[in-house]
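Pasting start-v3.txt here (compact mmCIF, C-alpha atoms):
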# COMPACT_ATOMS: atom_id res chain seq x y z
CA MET A 191 0.00 0.00 0.00
CA ARG A 192 2.76 2.34 0.93
CA THR A 193 4.40 1.77 -2.44
CA ARG A 194 1.17 2.48 -4.34
CA ALA A 195 0.62 5.64 -2.34
CA ALA A 196 4.14 6.81 -3.06
CA ALA A 197 3.61 6.19 -6.78
CA GLY A 198 0.43 8.26 -6.60
CA VAL A 199 2.35 11.16 -5.10
CA VAL A 200 4.91 10.94 -7.88
CA LEU A 201 2.18 10.95 -10.54
CA LEU A 202 0.49 13.94 -8.90
CA SER A 203 3.81 15.77 -8.86
CA ILE A 204 4.33 15.15 -12.57
CA GLY A 205 0.78 16.35 -13.22
CA ALA A 206 1.53 19.58 -11.36
CA VAL A 207 4.62 20.21 -13.48
CA LEU A 208 3.20 19.22 -16.86
CA PRO A 209 1.06 22.31 -17.65
CA SER A 210 4.15 24.53 -17.81
CA CYS A 211 5.62 22.54 -20.66
CA GLY A 212 2.43 21.85 -22.55
CA PRO A 213 1.86 22.43 -26.28
CA GLU A 214 1.03 26.15 -25.86
CA GLN A 215 4.64 27.04 -25.11
CA PRO A 216 6.87 24.77 -27.14
CA ALA A 217 10.56 25.04 -26.37
CA ARG A 218 12.18 27.44 -28.84
CA LYS A 219 15.32 26.21 -30.49
CA PRO A 220 18.12 28.78 -30.56
CA GLU A 221 18.77 30.13 -34.06
CA THR A 222 21.94 31.25 -35.76
CA HIS A 223 21.92 34.65 -37.50
CA THR A 224 24.58 35.87 -39.89
CA ILE A 225 25.75 39.45 -40.32
CA VAL A 226 28.00 40.02 -43.32
CA MET A 227 30.75 42.64 -43.15
CA GLU A 228 31.15 43.89 -46.70
CA GLY A 229 31.60 47.25 -48.38
CA VAL A 230 32.58 48.66 -44.96
CA ALA A 231 29.05 47.98 -43.68
CA PHE A 232 27.21 45.50 -41.48
CA GLN A 233 24.51 43.71 -43.49
CA PRO A 234 21.92 43.79 -42.06
CA ALA A 235 22.82 46.85 -40.01
CA SER A 236 19.90 46.22 -37.67
CA LEU A 237 18.98 42.76 -36.43
CA THR A 238 16.58 41.43 -33.79
CA VAL A 239 17.47 38.14 -32.12
CA ALA A 240 16.39 36.22 -29.04
CA VAL A 241 18.39 35.59 -25.90
CA GLY A 242 20.36 32.41 -26.50
CA ASP A 243 20.49 32.78 -30.30
CA SER A 244 23.88 32.89 -31.94
CA VAL A 245 25.02 35.82 -34.05
CA VAL A 246 27.88 35.25 -36.47
CA TRP A 247 29.75 38.11 -38.13
CA VAL A 248 31.46 37.12 -41.39
CA ASN A 249 34.12 39.40 -42.88
CA LYS A 250 33.90 39.46 -46.68
CA ASP A 251 35.93 42.65 -47.12
CA PRO A 252 39.58 42.50 -48.21
CA PHE A 253 40.73 43.96 -44.87
CA PRO A 254 40.01 43.31 -41.16
CA HIS A 255 37.04 44.55 -39.15
CA THR A 256 35.71 44.22 -35.62
CA ALA A 257 32.22 44.04 -34.09
CA THR A 258 32.50 46.03 -30.89
CA SER A 259 29.75 47.01 -28.45
CA LYS A 260 31.42 48.93 -25.66
CA GLY A 261 31.21 47.03 -22.40
CA VAL A 262 29.15 44.17 -23.86
CA PHE A 263 31.05 42.37 -26.60
CA ASP A 264 34.20 42.82 -28.64
CA SER A 265 35.24 40.47 -31.40
CA LYS A 266 38.74 42.00 -31.62
CA GLU A 267 40.18 41.70 -35.11
CA ILE A 268 38.21 39.55 -37.56
CA SER A 269 40.60 38.79 -40.41
CA VAL A 270 39.70 38.56 -44.09
CA GLY A 271 37.38 35.62 -44.69
CA LYS A 272 37.05 34.85 -40.98
CA SER A 273 34.04 35.01 -38.67
CA TRP A 274 33.21 35.56 -35.01
CA GLN A 275 30.28 34.35 -32.94
CA PHE A 276 28.45 35.93 -30.02
CA THR A 277 25.51 34.56 -28.02
CA PRO A 278 23.66 37.29 -26.14
CA GLY A 279 22.65 36.26 -22.63
CA ALA A 280 20.37 39.18 -21.77
CA THR A 281 17.79 41.37 -23.47
CA GLY A 282 18.63 44.89 -24.60
CA GLU A 283 19.53 47.16 -27.49
CA LEU A 284 23.20 46.86 -28.31
CA PRO A 285 24.66 49.45 -30.66
CA TYR A 286 28.04 48.39 -32.03
CA VAL A 287 30.71 49.62 -34.41
CA CYS A 288 33.81 48.45 -36.21
CA ALA A 289 36.63 49.77 -34.03
CA TYR A 290 38.69 50.40 -37.18
CA HIS A 291 36.01 52.09 -39.29
CA PRO A 292 33.94 54.52 -37.21
CA THR A 293 31.40 55.02 -40.02
CA MET A 294 30.54 51.31 -39.86
CA LYS A 295 27.68 50.97 -37.37
CA GLY A 296 25.10 48.37 -36.44
CA VAL A 297 22.56 47.59 -33.76
CA LEU A 298 21.62 44.24 -32.25
CA ARG A 299 18.23 44.09 -30.51
CA VAL A 300 17.99 41.19 -28.10
CA THR A 301 14.51 40.18 -27.01
CA ALA A 302 13.26 37.50 -24.61
CA ALA A 303 13.15 34.10 -26.29
CA GLY A 304 9.34 34.14 -26.69
CA ASP A 305 9.28 37.62 -28.29
CA ALA A 306 11.82 37.23 -31.04
CA ARG A 307 10.72 37.50 -34.62
CA ARG A 308 10.93 34.15 -36.25
CA MET B 143 49.90 70.91 -50.92
CA ARG B 144 51.36 71.54 -54.36
CA THR B 145 52.74 68.03 -54.61
CA PHE B 146 49.48 66.54 -53.59
CA THR B 147 47.71 68.63 -56.18
CA LEU B 148 49.73 66.74 -58.79
CA ALA B 149 48.19 63.47 -57.71
CA VAL B 150 44.78 65.06 -57.81
CA ILE B 151 45.46 66.48 -61.26
CA GLY B 152 46.36 62.97 -62.36
CA LEU B 153 42.98 61.72 -61.22
CA LEU B 154 41.17 64.66 -62.74
CA PHE B 155 42.95 63.81 -65.96
CA VAL B 156 41.47 60.33 -65.73
CA ALA B 157 38.02 61.82 -65.25
CA SER B 158 38.25 64.51 -67.92
CA SER B 159 39.84 62.33 -70.58
CA ALA B 160 37.25 59.62 -70.12
CA ARG B 161 35.25 60.53 -73.17
CA ALA B 162 38.26 61.13 -75.37
CA GLN B 163 40.27 58.01 -74.53
CA LYS B 164 38.96 55.26 -72.35
CA PRO B 165 41.59 53.35 -70.37
CA THR B 166 41.77 49.62 -71.03
CA ASP B 167 41.16 47.07 -68.27
CA ALA B 168 44.92 46.52 -67.98
CA GLN B 169 45.39 50.27 -67.50
CA ILE B 170 42.51 50.50 -65.03
CA ALA B 171 44.07 47.67 -63.00
CA HIS B 172 47.35 49.58 -62.94
CA ILE B 173 45.64 52.83 -61.92
CA VAL B 174 43.84 51.04 -59.06
CA VAL B 175 47.02 49.40 -57.76
CA THR B 176 48.93 52.69 -58.04
CA ALA B 177 46.20 54.72 -56.34
CA ASN B 178 46.25 52.26 -53.43
CA GLN B 179 50.06 52.21 -53.27
CA VAL B 180 50.22 56.02 -53.14
CA ASP B 181 47.97 55.98 -50.08
CA ILE B 182 49.92 53.10 -48.48
CA ASP B 183 53.17 55.09 -48.83
CA ALA B 184 51.67 58.19 -47.20
CA GLY B 185 50.02 56.03 -44.52
CA LYS B 186 53.33 54.37 -43.61
CA LEU B 187 54.87 57.78 -43.10
CA ALA B 188 51.94 58.94 -40.95
CA ALA B 189 52.08 55.74 -38.90
CA SER B 190 55.69 56.48 -37.98
CA LYS B 191 55.67 60.27 -37.91
CA ALA B 192 52.27 61.55 -36.78
CA THR B 193 52.08 62.94 -33.25
CA ASN B 194 48.30 62.97 -32.91
CA SER B 195 47.09 59.48 -31.96
CA GLU B 196 44.04 59.63 -34.26
CA VAL B 197 46.14 60.68 -37.23
CA LYS B 198 48.63 57.92 -36.47
CA ALA B 199 45.84 55.33 -36.21
CA PHE B 200 44.32 56.59 -39.46
CA GLY B 201 47.67 56.18 -41.23
CA GLU B 202 47.99 52.61 -39.92
CA GLN B 203 44.44 51.91 -41.07
CA MET B 204 45.17 53.18 -44.59
CA VAL B 205 48.19 50.86 -44.84
CA LYS B 206 46.12 47.88 -43.69
CA ASP B 207 43.03 48.56 -45.83
CA HIS B 208 44.74 49.59 -49.06
CA THR B 209 47.18 46.69 -48.80
CA GLY B 210 44.15 44.39 -48.57
CA VAL B 211 42.46 46.02 -51.55
CA ASN B 212 45.66 45.77 -53.58
CA LYS B 213 46.04 42.10 -52.79
CA GLN B 214 42.49 41.51 -53.97
CA ALA B 215 43.09 43.56 -57.15
CA SER B 216 46.38 41.76 -57.89
CA ASP B 217 44.78 38.36 -57.29
CA LEU B 218 41.96 39.22 -59.68
CA ALA B 219 44.35 40.53 -62.34
CA ALA B 220 46.31 37.26 -62.09
CA LYS B 221 43.13 35.21 -62.31
CA LEU B 222 41.93 37.14 -65.35
CA LYS B 223 45.43 37.01 -66.85
CA VAL B 224 45.38 40.81 -67.12
CA LYS B 225 48.85 42.31 -66.81
CA PRO B 226 48.47 45.78 -65.24
CA GLU B 227 49.80 48.23 -67.79
CA ASP B 228 51.58 51.45 -66.89
CA ASN B 229 50.01 54.57 -68.35
CA PRO B 230 50.22 58.37 -68.05
CA THR B 231 47.59 58.48 -65.28
CA SER B 232 49.46 55.92 -63.16
CA LYS B 233 52.73 57.80 -63.73
CA SER B 234 51.13 61.08 -62.70
CA LEU B 235 49.63 59.46 -59.60
CA LYS B 236 52.94 57.90 -58.60
CA SER B 237 54.97 61.06 -59.10
CA GLY B 238 52.38 63.16 -57.26
CA GLY B 239 52.38 60.64 -54.40
CA ASP B 240 56.19 60.58 -54.20
CA LYS B 241 56.34 64.37 -54.06
CA ASN B 242 53.63 64.43 -51.42
CA VAL B 243 55.65 62.05 -49.25
CA ALA B 244 58.76 64.18 -49.79
CA THR B 245 56.89 67.32 -48.68
CA LEU B 246 55.43 65.56 -45.65
CA LYS B 247 58.91 64.38 -44.65
CA GLY B 248 59.90 68.04 -44.35
CA LEU B 249 57.10 68.73 -41.86
CA SER B 250 56.76 67.73 -38.23
CA GLY B 251 54.40 67.82 -35.27
CA ALA B 252 50.99 69.41 -35.74
CA ALA B 253 51.95 70.78 -39.18
CA PHE B 254 52.63 67.24 -40.41
CA ASP B 255 49.39 65.90 -38.93
CA LYS B 256 47.30 68.65 -40.52
CA ALA B 257 48.96 68.39 -43.94
CA TYR B 258 48.70 64.61 -44.03
CA ILE B 259 45.03 64.42 -43.08
CA SER B 260 44.08 67.33 -45.34
CA ASN B 261 45.70 65.49 -48.25
CA GLU B 262 43.87 62.31 -47.33
CA VAL B 263 40.51 64.10 -47.55
CA THR B 264 41.32 65.57 -50.98
CA TYR B 265 42.91 62.38 -52.27
CA HIS B 266 40.05 60.05 -51.35
CA GLN B 267 37.54 62.46 -52.86
CA SER B 268 39.57 62.56 -56.07
CA VAL B 269 39.87 58.77 -56.23
CA LEU B 270 36.10 58.49 -55.76
CA ASP B 271 35.50 60.96 -58.59
CA ALA B 272 37.80 59.00 -60.87
CA MET B 273 36.13 55.71 -59.91
CA ASP B 274 32.66 57.09 -60.60
CA LYS B 275 33.43 58.96 -63.80
CA THR B 276 36.00 56.74 -65.45
CA LEU B 277 37.18 53.56 -63.80
CA ILE B 278 33.87 51.84 -62.96
CA PRO B 279 32.04 52.86 -66.17
CA GLY B 280 35.17 52.09 -68.22
CA ALA B 281 35.87 48.59 -66.87
CA GLN B 282 34.98 46.04 -69.53
CA ASN B 283 35.46 42.85 -67.55
CA ALA B 284 32.51 42.18 -65.24
CA GLU B 285 34.69 40.91 -62.40
CA LEU B 286 36.95 43.97 -62.54
CA LYS B 287 33.91 46.23 -62.55
CA SER B 288 32.45 44.30 -59.61
CA LEU B 289 35.70 44.59 -57.64
CA LEU B 290 35.75 48.35 -58.19
CA GLU B 291 32.14 48.62 -57.08
CA LYS B 292 32.86 46.53 -53.99
CA VAL B 293 35.87 48.57 -52.88
CA ARG B 294 34.20 51.92 -53.58
CA PRO B 295 32.50 52.00 -50.13
CA ALA B 296 35.95 51.67 -48.52
CA PHE B 297 36.98 54.95 -50.15
CA VAL B 298 33.74 56.58 -48.98
CA ALA B 299 34.34 55.32 -45.43
CA HIS B 300 37.95 56.53 -45.50
CA LEU B 301 36.86 59.94 -46.77
CA GLU B 302 34.34 60.32 -43.94
CA HIS B 303 36.83 59.02 -41.38
CA ALA B 304 39.50 61.46 -42.64
CA LYS B 305 37.03 64.33 -42.39
CA GLN B 306 36.24 63.35 -38.78
CA VAL B 307 39.92 63.26 -37.87
CA GLN B 308 40.50 66.56 -39.68
CA ALA B 309 37.64 68.21 -37.74
CA SER B 310 39.06 66.92 -34.45
CA LEU B 311 42.37 68.68 -35.17
CA LYS B 312 40.79 72.12 -35.38

Using the file provided, produce a representation of the structure as structure tokens.
Amino acid sequence: MRTRAAAGVVLLSIGAVLPSCGPEQPARKPETHTIVMEGVAFQPASLTVAVGDSVVWVNKDPFPHTATSKGVFDSKEISVGKSWQFTPGATGELPYVCAYHPTMKGVLRVTAAGDARR
Amino acid sequence: MRTFTLAVIGLLFVASSARAQKPTDAQIAHIVVTANQVDIDAGKLAASKATNSEVKAFGEQMVKDHTGVNKQASDLAAKLKVKPEDNPTSKSLKSGGDKNVATLKGLSGAAFDKAYISNEVTYHQSVLDAMDKTLIPGAQNAELKSLLEKVRPAFVAHLEHAKQVQASLK
């Protein structure tokens, strides 16, 4: 009897947890977004991603660039043909520049995982 | 300033003579490589001689960027089996650039910084004019034309950057 009662408790516990991971809120898989550095510009210059997504900057110019958001992220030098990845861990609007080319600007908008544009 | 004007005149010559005598792809390739090299030479001098940190950094940047563009241009010329051909415009650019460097070597401190960055503003504007009026429309090979179009924004960015540095010196 004790065993059956214990099993009942376990089943009740599972039942209490289940609603939070039901079909209404499916787990969102992190996505990977690419920003191309070409023509001394970030393309796209403005991008919205979700917390946990990966953002990859790819340098297609014939000289180095950086993706630098003061105090948040800094790729350091991204050589010709190379790339650099960043995974934002918090929401926010992150303006960034190329540290070598001050006219080269971009903005990364990081939303909560459920709010991101798919 | 006078020496630099020579380089500018060379580029204006490219622009004004466009209708009369279009440069060939081999000549355009040579003009592009020379125009980059002229800016690399001046940039190397600024990197070692400038006293203002922004001017120094700008010079270093010009060496890095124009070396990259030249490598790309040389690689493409080799791929297309185009042998860059010397021409009056390239000669004028080279001699103007050499004289500019000679003049800059005679300056120091703030006078050097101002003269260098002022020349960079004028030079990049002149290269852009030549690209728009002659080099891009004149390029026959699609890949050469595409390369010119792709590096054009670098000259725009350098021009704006040079203007920012110039304004900060005043």

Kindly compute an axis-aligned box around the listed atoms of region 244-257 of chain B, allowing 6 Å on each side, and express its centre and edge lengths in Å to one decimal as lines of an AutoDock Vina configuration file.
center_x = 53.6
center_y = 67.5
center_z = -42.5
size_x = 24.6
size_y = 18.6
size_z = 26.5

Next on the checklist: Can you pull out the residues contacting His255 (chain A)? Cut-off 9 Å, using all atoms listed in the file, and skip same-chain residues under 4 positions away; I want them as number ranges by chain.
Outcome noted: A: 227, 230, 249, 251, 265-270, 288-291

Next on the checklist: Counting all atoms listed in the file, which residue out of A:Val262, A:Val300, A:Ile225, A:Ala257 sits closest to Val287 (chain A)?
Outcome noted: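 Comparing A:Val262, A:Val300, A:Ile225, A:Ala257 against Val287 (chain A), the winner is A:Ala257.
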
Next on the checklist: Between CA of Ala199 (chain B) and CA of Leu270 (chain B), what is the distance in Å, rounded to a tenth?
Outcome noted: 22.1 Å

Item to check | Polymer residues at most 12 Å from Pro165 (chain B), all atoms listed in the file, same-chain spacing of 6 or more positions, as a VMD selection string | outcome: chain B and resid 155 to 159 171 to 174 226 to 232 272 275 to 282

Checklist entry - Residues around (20.8, 49.8, -27.0), cut-off 9 Å, counting all atoms listed in the file - what are they as a list in words? => result Gly282, Glu283, Leu284, Pro285, Tyr286, Val297, Leu298 and Arg299 of chain A

Taking all atoms listed in the file into account, what are the residues of chain B at most 8 Å from chain A, put as a short mmCIF file (atom, residue, chain, number, x, y, z; two decimals) with C-alpha atoms, keeping the file's coordinate frame?
data_model
loop_
_atom_site.label_atom_id
_atom_site.label_comp_id
_atom_site.auth_asym_id
_atom_site.auth_seq_id
_atom_site.Cartn_x
_atom_site.Cartn_y
_atom_site.Cartn_z
CA GLN B 203 44.44 51.91 -41.07
CA LYS B 206 46.12 47.88 -43.69
CA ASP B 207 43.03 48.56 -45.83
CA GLY B 210 44.15 44.39 -48.57
CA VAL B 211 42.46 46.02 -51.55
CA LYS B 213 46.04 42.10 -52.79
CA GLN B 214 42.49 41.51 -53.97
CA LYS B 292 32.86 46.53 -53.99
CA VAL B 293 35.87 48.57 -52.88
CA ARG B 294 34.20 51.92 -53.58
CA PRO B 295 32.50 52.00 -50.13
CA ALA B 296 35.95 51.67 -48.52
CA ALA B 299 34.34 55.32 -45.43
CA HIS B 300 37.95 56.53 -45.50
CA GLU B 302 34.34 60.32 -43.94
CA HIS B 303 36.83 59.02 -41.38
#

Item to check | Interatomic distance (Å, one decimal) between CA of Glu262 (chain B) and CA of Asp274 (chain B) | outcome: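 Those two atoms sit 18.1 Å apart.
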
Checklist entry - CA of Ala215 (chain B) and CA of Ala244 (chain B), how far apart in Å? => result 26.9 Å

Next on the checklist: Could you list, as a list in words, every residue within 12 Å of Ala253 (chain B), counting only C-alpha atoms and ignoring same-chain residues fewer than 3 positions away?
Outcome noted: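 Returned residues: Met143, Ala188, Lys191, Ala192, Thr193, Asn194, Val197, Thr245, Leu246, Lys247, Gly248, Leu249, Ser250, Lys256, Ala257, Tyr258, Ile259, Ser260, Leu311 and Lys312 of chain B.
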
Checklist outcome for this item: Min atom-atom distance to Ser288 (chain B) from the set B:Gln163, B:Met273, B:His266, B:Asp181, counting all atoms listed in the file, belongs to B:Met273
